[in-house]
Amino acid sequence: MPTVDWNRRTWGGTHTWERSGDEWAHMAAYCGQPYEEWKAGLVEELLAPGAARGTSLEIGPGHGRWTEHLLELSPRVWIVDVNESCLDRCRERFEGRHGLDVHHTPGYSMDPVPDASISFVWSFDVFVHLDPDVISGYLGEVARVLEPGATAVIHHAGKPDWSLRLAPVNRRAGRPGRIAQRWLSQRRWRDDGNRSDVSPEAFAGWVREAGLEVTGQRTSWGPEGQYTVDKYRDCVTELRKPV
Ligand SMILES: C[S@@+](CC[C@H](N)C(=O)[O-])C[C@H]1O[C@@H](n2cnc3c(N)ncnc32)[C@H](O)[C@@H]1O
C-alpha cells in the first residue's frame, strides 16, 4: 500500500512532472479518447458545477493541473498537499492570481481551514494512492470544512471488494499469495498504478461513517460515457454534506 512517506518521496522526489500533471494522458489513451477532450469533459461535468458555487478546496494539487480550473471558477481556492515542493510550484505558477490559500499537511489534517467554510472539495489522482486510515482521516476533515449542502468529488481506487476480502488469506500464503492477490485485485501481473487496496463499497462506507452522503459513484463521464478511469479500474465518488 502507498504510505504517506511513499507519497512524499514519489511526488516530491522521483516524479519529474515534465508536463505538470498532463503527462498522465494514459487514462484517456486507454479509453481511446484524445487527452485534451477527456480532461475538458471531466472539468465541465465534474469540476465546474461545484467550483462555481463558492470557495473550493483541492487535496493533492501536484503542480496545479486542476487548480488552474478551480481558480478560474472559484473566488477562493485552498490547496492542501503533503509535499512542500508541489505547493511551491503552485505558488510560482499561480503567482498574482487572487484567492489562493495554501496548507502543507502532515497527512490529512487541514487545521487552518475554518469549519463549514468550503462549498466544494475536489481531488483527482490522489486518493488512488492513499491508505484507508488517511482516507478516513480526510473524510472526517472534509465533513468538518464543508458547508451544509456542499459537495465533493473524489477519485479513488476501485478494486473489487471480494478480492480485498481475500487479501489476509493471500498474505498468509507468502509470495505466491501476494501475486495471486495482485492479480485478483487488478487482473494485472505488474502495473496496478500503485493503487491502494480500496473498493468503491469500502470508500462509500467511510463517507457515511464521516456523516456525509454518497450521491453517486461512477467510472465514466461525457455524453456517451466515453471518458473513463478504467485503466486501473478506478472510481469517482460524489458526496454531499447533509443540510
Ligand atoms: C499523482 S499526483 C496528482 C497531482 C494532481 N492532483 C494531478 O492530478 O495532476 C499526487 C498528488 O497528491 C499529493 N499527495 C499525496 N498524498 C497526499 C496526502 N496525504 N495529502 C495531500 N496530498 C497528498 C502528492 O504530493 C501529489 O501532489
# chains A, B, ... in the order shown; residues from 1 in each chain; ligands from 1

call {"tool": "closest_atom_pairs", "arguments": {"of": "chain A", "to": "ligand 1", "cutoff": "9 Å", "atoms": "only C-alpha atoms and all ligand atoms", "output": "CSV"}}
result
residue,atom,partner,partner_atom_place_in_ligand_line,distance
A:Pro2,CA,ligand 1,16 (N),8.8
A:Thr3,CA,ligand 1,16 (N),8.1
A:Val4,CA,ligand 1,19 (N),5.7
A:Asp5,CA,ligand 1,16 (N),8.4
A:Trp6,CA,ligand 1,16 (N),8.3
A:Asn7,CA,ligand 1,15 (C),4.7
A:Arg8,CA,ligand 1,25 (O),5.9
A:Arg9,CA,ligand 1,25 (O),8.6
A:Thr10,CA,ligand 1,25 (O),7.8
A:Trp11,CA,ligand 1,25 (O),4.9
A:Gly12,CA,ligand 1,25 (O),6.2
A:His15,CA,ligand 1,1 (C),8.9
A:Trp17,CA,ligand 1,9 (O),8.9
A:Ser20,CA,ligand 1,9 (O),6.6
A:Gly21,CA,ligand 1,9 (O),3.9
A:Asp22,CA,ligand 1,9 (O),6.7
A:Glu23,CA,ligand 1,9 (O),8.5
A:Trp24,CA,ligand 1,9 (O),7.8
A:Glu58,CA,ligand 1,6 (N),8.1
A:Ile59,CA,ligand 1,21 (C),5.3
A:Gly60,CA,ligand 1,22 (N),3.6
A:Pro61,CA,ligand 1,6 (N),4.3
A:Gly62,CA,ligand 1,27 (O),3.1
A:His63,CA,ligand 1,9 (O),6.3
A:Gly64,CA,ligand 1,9 (O),6.3
A:Arg65,CA,ligand 1,9 (O),4.7
A:Trp66,CA,ligand 1,7 (C),6.5
A:Thr67,CA,ligand 1,6 (N),8.4
A:Ile79,CA,ligand 1,21 (C),8.8
A:Val80,CA,ligand 1,21 (C),5.6
A:Asp81,CA,ligand 1,22 (N),3.6
A:Val82,CA,ligand 1,21 (C),4.6
A:Asn83,CA,ligand 1,25 (O),4.6
A:Glu84,CA,ligand 1,25 (O),8.0
A:Ser85,CA,ligand 1,25 (O),8.2
A:Cys86,CA,ligand 1,27 (O),5.7
A:Leu87,CA,ligand 1,27 (O),8.0
A:His104,CA,ligand 1,21 (C),8.0
A:Thr105,CA,ligand 1,20 (N),6.4
A:Pro106,CA,ligand 1,19 (N),7.3
A:Gly107,CA,ligand 1,19 (N),4.3
A:Tyr108,CA,ligand 1,19 (N),5.4
A:Ser109,CA,ligand 1,20 (N),8.4
A:Trp122,CA,ligand 1,6 (N),9.0
A:Ser123,CA,ligand 1,6 (N),6.2
A:Phe124,CA,ligand 1,6 (N),4.9
A:Asp125,CA,ligand 1,8 (O),4.7
A:Val126,CA,ligand 1,12 (O),4.4
A:Phe127,CA,ligand 1,16 (N),7.4
A:Val128,CA,ligand 1,1 (C),8.5
A:His129,CA,ligand 1,16 (N),7.0
A:Leu130,CA,ligand 1,16 (N),6.4
A:Asp131,CA,ligand 1,19 (N),8.7
A:Val134,CA,ligand 1,19 (N),6.4
A:Ile135,CA,ligand 1,19 (N),8.1
A:Tyr138,CA,ligand 1,20 (N),8.2

call {"tool": "select_by_dssp", "arguments": {"residues": "range 15-202 of chain A", "states": "strand (DSSP E or B)", "output": "JSON, numbers by chain"}}
result
{"A": [56, 57, 58, 59, 77, 78, 79, 80, 81, 100, 101, 102, 103, 104, 118, 119, 120, 121, 122, 123, 146, 147, 148, 149, 150, 151, 152, 153, 154, 155, 156]}

call {"tool": "closest_residue", "arguments": {"among": "A:Val207, A:Pro114, A:Arg89, A:Ala152", "to": "Ala48 in chain A", "atoms": "only C-alpha atoms"}}
result
A:Ala152

call {"tool": "closest_residue", "arguments": {"among": "A:Cys31, A:Ala25, A:Ala40, A:Val243", "to": "Ala116 in chain A", "atoms": "only C-alpha atoms"}}
result
A:Val243

call {"tool": "select_by_dssp", "arguments": {"residues": "range 15-172 of chain A", "states": "alpha helix (DSSP H)", "output": "number ranges by chain"}}
result
A: 26-30, 35-42, 48-51, 67-73, 84-93, 132-145, 161-165, 167-172

call {"tool": "closest_residue", "arguments": {"among": "A:Gly50, A:Pro148, A:Gly32, A:Gly193", "to": "Gly211 in chain A", "atoms": "only C-alpha atoms"}}
result
A:Pro148

call {"tool": "atom_distance", "arguments": {"atom1": "CA of Glu36 in chain A", "atom2": "CA of Gly216 in chain A"}}
result
24.7 Å

call {"tool": "atom_distance", "arguments": {"atom1": "CA of Asp192 in chain A", "atom2": "CA of Ala157 in chain A"}}
result
10.1 Å

call {"tool": "closest_residue", "arguments": {"among": "A:Arg233, A:Gly225, A:Arg97, A:Trp206", "to": "Leu42 in chain A", "atoms": "only C-alpha atoms"}}
result
A:Gly225

call {"tool": "residues_around", "arguments": {"residues": "Pro242 in chain A", "least_positions_apart": "6", "cutoff": "12 Å", "atoms": "only C-alpha atoms", "output": "PyMOL selection string"}}
result
chain A and resi 116+143-144+146-151+207-208+210-215

call {"tool": "write_last_selection", "arguments": {"atoms": "C-alpha atoms", "output": "PDB file, in the first residue's frame"}}
result
ATOM      1  CA  ALA A 116     -18.120  24.917   7.355  1.00  0.00           C
ATOM      2  CA  ALA A 143     -17.085  16.711   6.818  1.00  0.00           C
ATOM      3  CA  ARG A 144     -15.763  19.443   9.118  1.00  0.00           C
ATOM      4  CA  LEU A 146     -17.804  21.607   4.066  1.00  0.00           C
ATOM      5  CA  GLU A 147     -20.794  23.922   4.464  1.00  0.00           C
ATOM      6  CA  PRO A 148     -24.098  22.079   4.958  1.00  0.00           C
ATOM      7  CA  GLY A 149     -25.356  21.104   1.489  1.00  0.00           C
ATOM      8  CA  ALA A 150     -21.887  21.454  -0.071  1.00  0.00           C
ATOM      9  CA  THR A 151     -20.378  18.724  -2.233  1.00  0.00           C
ATOM     10  CA  VAL A 207     -18.017   8.507   3.599  1.00  0.00           C
ATOM     11  CA  ARG A 208     -21.112   7.506   5.608  1.00  0.00           C
ATOM     12  CA  ALA A 210     -17.883  10.598   8.424  1.00  0.00           C
ATOM     13  CA  GLY A 211     -21.529  11.751   8.413  1.00  0.00           C
ATOM     14  CA  LEU A 212     -21.606  12.537   4.677  1.00  0.00           C
ATOM     15  CA  GLU A 213     -23.941  11.233   1.950  1.00  0.00           C
ATOM     16  CA  VAL A 214     -22.835   9.422  -1.202  1.00  0.00           C
ATOM     17  CA  THR A 215     -24.758  10.965  -4.118  1.00  0.00           C
TER      18      THR A 215
END

call {"tool": "atom_distance", "arguments": {"atom1": "CA of Arg53 in chain A", "atom2": "CA of His69 in chain A"}}
result
13.5 Å
